[in-house]
>>> print(open('work12.cif').read())   # mmCIF, C-alpha atoms
data_target
loop_
_atom_site.label_atom_id
_atom_site.label_comp_id
_atom_site.auth_asym_id
_atom_site.auth_seq_id
_atom_site.Cartn_x
_atom_site.Cartn_y
_atom_site.Cartn_z
CA MET A 408 -8.77 -25.27 41.06
CA ILE A 409 -12.12 -26.86 41.96
CA ARG A 410 -10.84 -27.26 45.51
CA TYR A 411 -10.24 -23.48 45.77
CA ILE A 412 -13.69 -22.69 44.38
CA VAL A 413 -15.33 -25.03 46.88
CA GLN A 414 -13.32 -23.50 49.71
CA ILE A 415 -14.32 -19.96 48.73
CA LEU A 416 -17.97 -20.97 48.38
CA GLY A 417 -17.79 -22.63 51.79
CA LEU A 418 -16.40 -19.47 53.35
CA LEU A 419 -19.10 -17.33 51.72
CA LEU A 420 -21.82 -19.68 53.00
CA LEU A 421 -20.29 -19.54 56.46
CA LEU A 422 -20.30 -15.73 56.37
CA LEU A 423 -23.92 -15.68 55.18
CA GLY A 424 -25.00 -17.96 58.03
CA ALA A 425 -22.99 -15.94 60.56
CA THR A 426 -24.59 -12.73 59.25
CA LEU A 427 -28.15 -14.05 59.54
CA VAL A 428 -27.65 -15.41 63.06
CA THR A 429 -25.71 -12.38 64.30
CA LEU A 430 -28.10 -9.74 63.00
CA LYS A 431 -31.18 -11.65 64.16
CA LEU A 432 -29.76 -11.93 67.68
CA LYS A 433 -28.48 -8.35 67.62
CA HIS A 434 -31.87 -6.85 66.76
CA ARG A 435 -34.22 -9.10 68.74
CA ASN A 436 -34.38 -6.78 71.79
CA ASP A 437 -34.14 -3.47 69.94
CA ASP A 438 -36.81 -0.80 70.19
CA GLY A 439 -38.27 -1.71 66.81
CA PRO A 440 -37.09 -3.67 63.78
CA SER A 441 -34.19 -3.00 61.45
CA VAL A 442 -34.65 -2.85 57.70
CA LEU A 443 -34.68 -6.65 57.43
CA PHE A 444 -34.64 -8.20 60.88
CA PRO A 445 -37.37 -8.28 63.56
CA GLY A 446 -36.90 -6.16 66.65
CA GLY A 447 -38.35 -6.25 70.14
CA LYS A 448 -40.99 -4.27 72.00
CA LEU A 449 -41.84 -0.83 70.66
CA ILE A 450 -40.91 1.48 73.52
CA SER A 451 -40.31 5.00 72.27
CA GLY A 452 -43.01 7.28 70.94
CA ALA A 453 -46.15 8.72 72.47
CA LEU A 454 -49.04 6.32 73.04
CA HIS A 455 -52.13 7.51 71.17
CA GLU A 456 -55.23 8.03 73.28
CA GLY A 457 -58.64 9.28 72.31
CA ALA A 458 -60.66 9.13 69.13
CA GLU A 459 -59.59 7.28 66.03
CA PRO A 460 -57.47 9.48 63.77
CA ASP A 461 -58.10 10.11 60.10
CA TRP A 462 -55.94 7.27 58.79
CA SER A 463 -55.70 8.73 55.29
CA PHE A 464 -52.31 10.18 56.27
CA THR A 465 -50.92 6.64 56.03
CA ASP A 466 -51.24 6.90 52.23
CA ASP A 467 -47.93 8.75 52.45
CA VAL A 468 -46.36 6.21 54.83
CA PHE A 469 -44.47 3.40 53.07
CA THR A 470 -44.08 1.04 56.02
CA ILE A 471 -45.06 0.99 59.68
CA GLU A 472 -43.61 -0.90 62.64
CA LEU A 473 -45.89 -3.61 64.02
CA GLU A 474 -45.37 -5.30 67.38
CA THR A 475 -47.09 -8.58 68.17
CA ALA A 476 -47.13 -10.66 71.35
CA ASN A 477 -46.07 -14.14 72.48
CA PRO A 478 -43.22 -13.81 71.80
CA VAL A 479 -42.93 -10.03 71.64
CA SER A 480 -41.41 -9.05 68.31
CA SER A 481 -41.74 -6.26 65.80
CA ARG A 482 -41.28 -5.91 62.06
CA ARG A 483 -41.67 -3.40 59.25
CA ILE A 484 -44.80 -3.98 57.21
CA PHE A 485 -46.88 -2.42 54.46
CA VAL A 486 -50.03 -0.58 55.51
CA MET A 487 -53.18 0.20 53.57
CA GLU A 488 -56.04 2.48 54.58
CA HIS A 489 -59.54 1.68 53.31
CA ASN A 490 -62.74 3.39 54.54
CA ASN A 491 -60.69 4.87 57.40
CA ARG A 492 -59.65 1.41 58.57
CA LEU A 493 -56.06 0.19 58.55
CA TYR A 494 -54.94 -3.12 57.10
CA VAL A 495 -51.63 -5.00 57.04
CA PRO A 496 -50.77 -7.97 54.78
CA SER A 497 -48.81 -11.12 55.42
CA GLY A 498 -47.78 -12.94 52.26
CA TYR A 499 -46.17 -16.27 51.35
CA MET A 500 -48.45 -18.02 53.88
CA HIS A 501 -48.59 -21.29 51.91
CA THR A 502 -44.82 -21.61 51.56
CA PHE A 503 -42.27 -23.24 53.83
CA LEU A 504 -40.43 -19.93 54.18
CA GLY A 505 -43.69 -18.22 55.06
CA LYS A 506 -44.28 -20.67 57.88
CA LEU A 507 -40.88 -19.72 59.33
CA TRP A 508 -40.88 -16.04 58.43
CA LYS A 509 -44.50 -15.15 59.20
CA ASP A 510 -44.75 -16.88 62.57
CA TRP A 511 -46.35 -13.70 63.95
CA ALA A 512 -49.33 -14.08 61.58
CA PHE A 513 -49.84 -17.70 62.62
CA GLY A 514 -49.61 -16.49 66.23
CA VAL A 515 -52.38 -13.98 65.56
CA SER A 516 -54.60 -16.70 64.13
CA ASP A 517 -53.87 -18.73 67.29
CA GLY A 518 -55.31 -15.93 69.43
CA ASN A 519 -52.32 -13.65 70.09
CA ASP A 520 -54.12 -10.81 68.38
CA SER A 521 -52.91 -7.85 70.48
CA ALA A 522 -50.63 -5.54 68.57
CA VAL A 523 -48.98 -2.14 68.76
CA ALA A 524 -48.35 -0.15 65.61
CA ARG A 525 -45.84 2.69 65.54
CA ILE A 526 -46.61 5.11 62.76
CA GLU A 527 -44.50 8.22 62.33
CA GLY A 528 -43.32 7.93 65.92
CA VAL A 529 -46.75 7.48 67.54
CA ARG A 530 -47.78 4.12 69.03
CA TYR A 531 -51.32 2.81 68.56
CA GLU A 532 -52.69 -0.15 70.53
CA ARG A 533 -54.64 -2.36 68.16
CA THR A 534 -56.28 -5.75 67.77
CA LEU A 535 -55.53 -7.72 64.61
CA VAL A 536 -58.61 -9.19 62.96
CA ARG A 537 -58.27 -11.29 59.82
CA GLU A 538 -60.33 -9.80 56.99
CA MET A 539 -62.39 -12.25 54.93
CA ASN A 540 -65.03 -9.98 53.36
CA PRO A 541 -64.52 -10.07 49.55
CA GLU A 542 -65.73 -6.50 49.03
CA VAL A 543 -63.37 -5.15 51.66
CA ILE A 544 -60.55 -7.31 50.30
CA GLU A 545 -61.03 -5.83 46.85
CA GLY A 546 -60.93 -2.31 48.25
CA VAL A 547 -57.76 -3.00 50.21
CA ALA A 548 -56.22 -4.78 47.21
CA THR A 549 -56.84 -1.65 45.16
CA LYS A 550 -54.98 0.43 47.72
CA LEU A 551 -52.17 -2.14 47.89
CA ALA A 552 -51.80 -2.07 44.11
CA GLN A 553 -51.79 1.73 44.14
CA LYS A 554 -49.14 2.01 46.87
CA TYR A 555 -46.90 -1.00 46.33
CA ALA A 556 -47.49 -2.68 42.96
CA GLY A 557 -46.85 0.18 40.55
CA GLY A 558 -50.45 1.25 39.98
CA VAL A 559 -54.03 0.07 39.83
CA THR A 560 -54.98 -2.21 36.97
CA PRO A 561 -57.88 -4.68 36.97
CA GLU A 562 -55.40 -7.55 36.59
CA THR A 563 -53.29 -6.48 39.54
CA VAL A 564 -56.27 -5.92 41.82
CA LYS A 565 -57.75 -9.27 40.80
CA ALA A 566 -54.45 -11.08 41.39
CA ILE A 567 -54.03 -9.55 44.85
CA SER A 568 -57.66 -10.21 45.79
CA GLN A 569 -57.38 -13.81 44.62
CA SER A 570 -54.19 -14.26 46.63
CA VAL A 571 -56.03 -13.12 49.76
CA LEU A 572 -59.12 -15.23 49.03
CA ASP A 573 -56.89 -18.27 48.43
CA GLY A 574 -55.11 -17.75 51.74
CA GLU A 575 -51.72 -17.19 50.10
CA THR A 576 -51.81 -13.69 51.57
CA TRP A 577 -53.47 -12.97 54.89
CA LEU A 578 -55.00 -9.57 55.45
CA PHE A 579 -55.50 -8.19 58.95
CA GLN A 580 -57.55 -5.19 59.98
CA MET A 581 -55.83 -3.24 62.76
CA ALA A 582 -58.97 -2.62 64.77
CA PRO A 583 -59.06 -0.43 67.88
CA ARG A 584 -57.98 -2.44 70.94
CA GLU A 585 -61.40 -2.20 72.66
CA ALA A 586 -63.08 -3.75 69.61
CA GLY A 587 -61.17 -6.99 70.21
CA MET B 360 -4.59 -24.52 50.96
CA SER B 361 -4.46 -27.32 53.49
CA ASN B 362 -7.56 -28.21 55.47
CA SER B 363 -5.97 -27.05 58.69
CA LEU B 364 -5.08 -23.62 57.30
CA TYR B 365 -8.46 -23.34 55.60
CA TRP B 366 -10.38 -23.84 58.84
CA LYS B 367 -8.16 -21.31 60.61
CA VAL B 368 -8.84 -18.76 57.84
CA CYS B 369 -12.60 -19.47 58.08
CA LEU B 370 -12.54 -19.03 61.85
CA GLY B 371 -10.55 -15.80 61.69
CA VAL B 372 -12.55 -14.19 58.88
CA THR B 373 -15.87 -15.17 60.48
CA ALA B 374 -14.82 -13.82 63.88
CA LEU B 375 -13.78 -10.49 62.33
CA TRP B 376 -17.01 -10.38 60.32
CA VAL B 377 -19.21 -11.02 63.36
CA LEU B 378 -17.34 -8.46 65.47
CA GLY B 379 -17.79 -5.94 62.67
CA LEU B 380 -21.54 -6.62 62.54
CA LEU B 381 -21.84 -6.24 66.29
CA PHE B 382 -19.64 -3.22 66.95
CA VAL B 383 -19.39 -1.24 63.70
CA PRO B 384 -22.93 0.04 62.97
CA PRO B 385 -22.15 1.45 59.48
CA PHE B 386 -20.77 -1.95 58.46
CA ALA B 387 -23.87 -3.76 59.77
CA GLN B 388 -26.12 -1.25 57.98
CA LEU B 389 -24.20 -1.69 54.74
CA VAL B 390 -24.52 -5.48 54.93
CA GLU B 391 -28.27 -5.20 55.60
CA GLN B 392 -28.73 -2.78 52.72
CA LEU B 393 -26.88 -5.15 50.37
CA MET B 394 -29.07 -8.06 51.54
CA LEU B 395 -32.18 -5.94 50.99
CA LEU B 396 -30.96 -4.98 47.53
CA PHE B 397 -30.36 -8.64 46.68
CA LEU B 398 -33.79 -9.70 47.97
CA SER B 399 -35.65 -6.87 46.27
CA THR B 400 -33.92 -7.70 43.00
CA ASN B 401 -34.29 -11.47 43.12
CA ALA B 402 -37.25 -12.35 45.32
CA ARG B 403 -40.33 -13.16 43.29
#
>>> encode(input="work12.cif", output="structure tokens")
Amino acid sequence: MIRYIVQILGLLLLLLGATLVTLKLKHRNDDGPSVLFPGGKLISGALHEGAEPDWSFTDDVFTIELETANPVSSRRIFVMEHNNRLYVPSGYMHTFLGKLWKDWAFGVSDGNDSAVARIEGVRYERTLVREMNPEVIEGVATKLAQKYAGGVTPETVKAISQSVLDGETWLFQMAPREAG
Amino acid sequence: MSNSLYWKVCLGVTALWVLGLLFVPPFAQLVEQLMLLFLSTNAR
């Protein structure tokens, strides 16, 4: 009996591993990410030119697609607007999984800060700049709590802000490309 | 089940599974949605 259970568990583990490897390889050159797996270069969609838009429309956008360089890859990510500036978070940065999963964020801190965001089908060339200003962090944390954490409470905003200040979560401003 | 048969079953099921992920988009999407559901329920 135990032998059968071990065999079934072994098969399930094998299928899980095969699924992770297959889907990661399948999506790596796609025009954008899948729900879970990173994609490749963002190709489709008009490239925005001209003045900065009013980013408040992103309050109704749950996730955006973000492409980073070296190596080129893209993923779905939360987005928060604060004072007409856009911010994206990268969590779990102190964990082992974070070091594997959030390699793009470590790449940005190593200087690969060029990015392309695709929001509602339009591509925006940006430069990622890590945000360290406590006042700005609190404002963005408020927006993050409002959009993604079930509502704004002082405890939630404080917990998110502290996570950013402690470096557990990294917060990047998506600045216009020429500002980089 | 003997070891020999077991490995053959593993190989066959895995090959079918991988082919399904690669060439049957609704199947791949279903698997991803189930993984997302599991992660969103259990990841803390």
>>> resolve_selection(input="work12.cif", expression="the PyMOL selection byres ((chain B and resi 376) around 12)", output="JSON, numbers by chain")
{"A": [418, 419, 421, 422, 423, 424, 425, 426, 427, 429, 430], "B": [368, 369, 370, 371, 372, 373, 374, 375, 377, 378, 379, 380, 381, 382, 383, 386, 387, 390]}
>>> residues_around(input="work12.cif", residues="Thr576 in chain A", least_positions_apart="2", cutoff="8 Å", atoms="all atoms listed in the file", output="number ranges by chain")
A: 496-500, 570-574, 578
>>> axis_aligned_box(input="work12.cif", around="range 500-513 of chain A", padding_each_side="4 Å", output="lines of an AutoDock Vina configuration file")
center_x = -45.1
center_y = -18.5
center_z = 57.8
size_x = 17.4
size_y = 17.5
size_z = 20.4
>>> residues_around(input="work12.cif", residues="Asp517 in chain A", least_positions_apart="6", cutoff="12 Å", atoms="all atoms listed in the file", output="CSV table (one decimal) with C-alpha atoms, in the coordinates of the input")
chain,number,residue,atom,x,y,z
A,476,ALA,CA,-47.1,-10.7,71.4
A,477,ASN,CA,-46.1,-14.1,72.5
A,510,ASP,CA,-44.8,-16.9,62.6
A,511,TRP,CA,-46.4,-13.7,64.0
A,535,LEU,CA,-55.5,-7.7,64.6
A,536,VAL,CA,-58.6,-9.2,63.0
A,537,ARG,CA,-58.3,-11.3,59.8
>>> atom_distance(input="work12.cif", atom1="CA of Ile484 in chain A", atom2="CA of Phe444 in chain A")
11.6 Å
>>> residues_around(input="work12.cif", residues="Tyr494 in chain A", least_positions_apart="3", cutoff="6 Å", atoms="only C-alpha atoms", output="list of chain:residue names")
A:Val486, A:Met487, A:Phe579, A:Gln580, A:Met581
>>> atom_distance(input="work12.cif", atom1="CA of Thr563 in chain A", atom2="CA of Asp466 in chain A")
18.6 Å
>>> resolve_selection(input="work12.cif", expression="the PyMOL selection byres ((chain A and resi 483) around 10)", output="list in words")
Gly439, Pro440, Ser441, Val442, Leu443, Phe444, Pro445, Gly446, Phe469, Thr470, Ile471, Glu472, Leu473, Glu474, Ser481, Arg482, Ile484, Phe485, Val486, Ala524 and Arg525 of chain A
>>> residues_near_point(input="work12.cif", point="(-16.0, -24.8, 53.2)", cutoff="12 Å", atoms="only C-alpha atoms", output="list in words")
Arg410, Tyr411, Ile412, Val413, Gln414, Ile415, Leu416, Gly417, Leu418, Leu419, Leu420, Leu421 and Leu422 of chain A; Met360, Ser361, Asn362, Ser363, Leu364, Tyr365, Trp366, Lys367, Val368, Cys369 and Leu370 of chain B
>>> atom_distance(input="work12.cif", atom1="CA of Met539 in chain A", atom2="CA of Glu585 in chain A")
20.4 Å
>>> resolve_selection(input="work12.cif", expression="the PyMOL selection byres ((chain A and resi 490) around 9)", output="list in words")
Trp462, Ser463, Glu488, His489, Asn491, Arg492, Leu493 and Gly546 of chain A
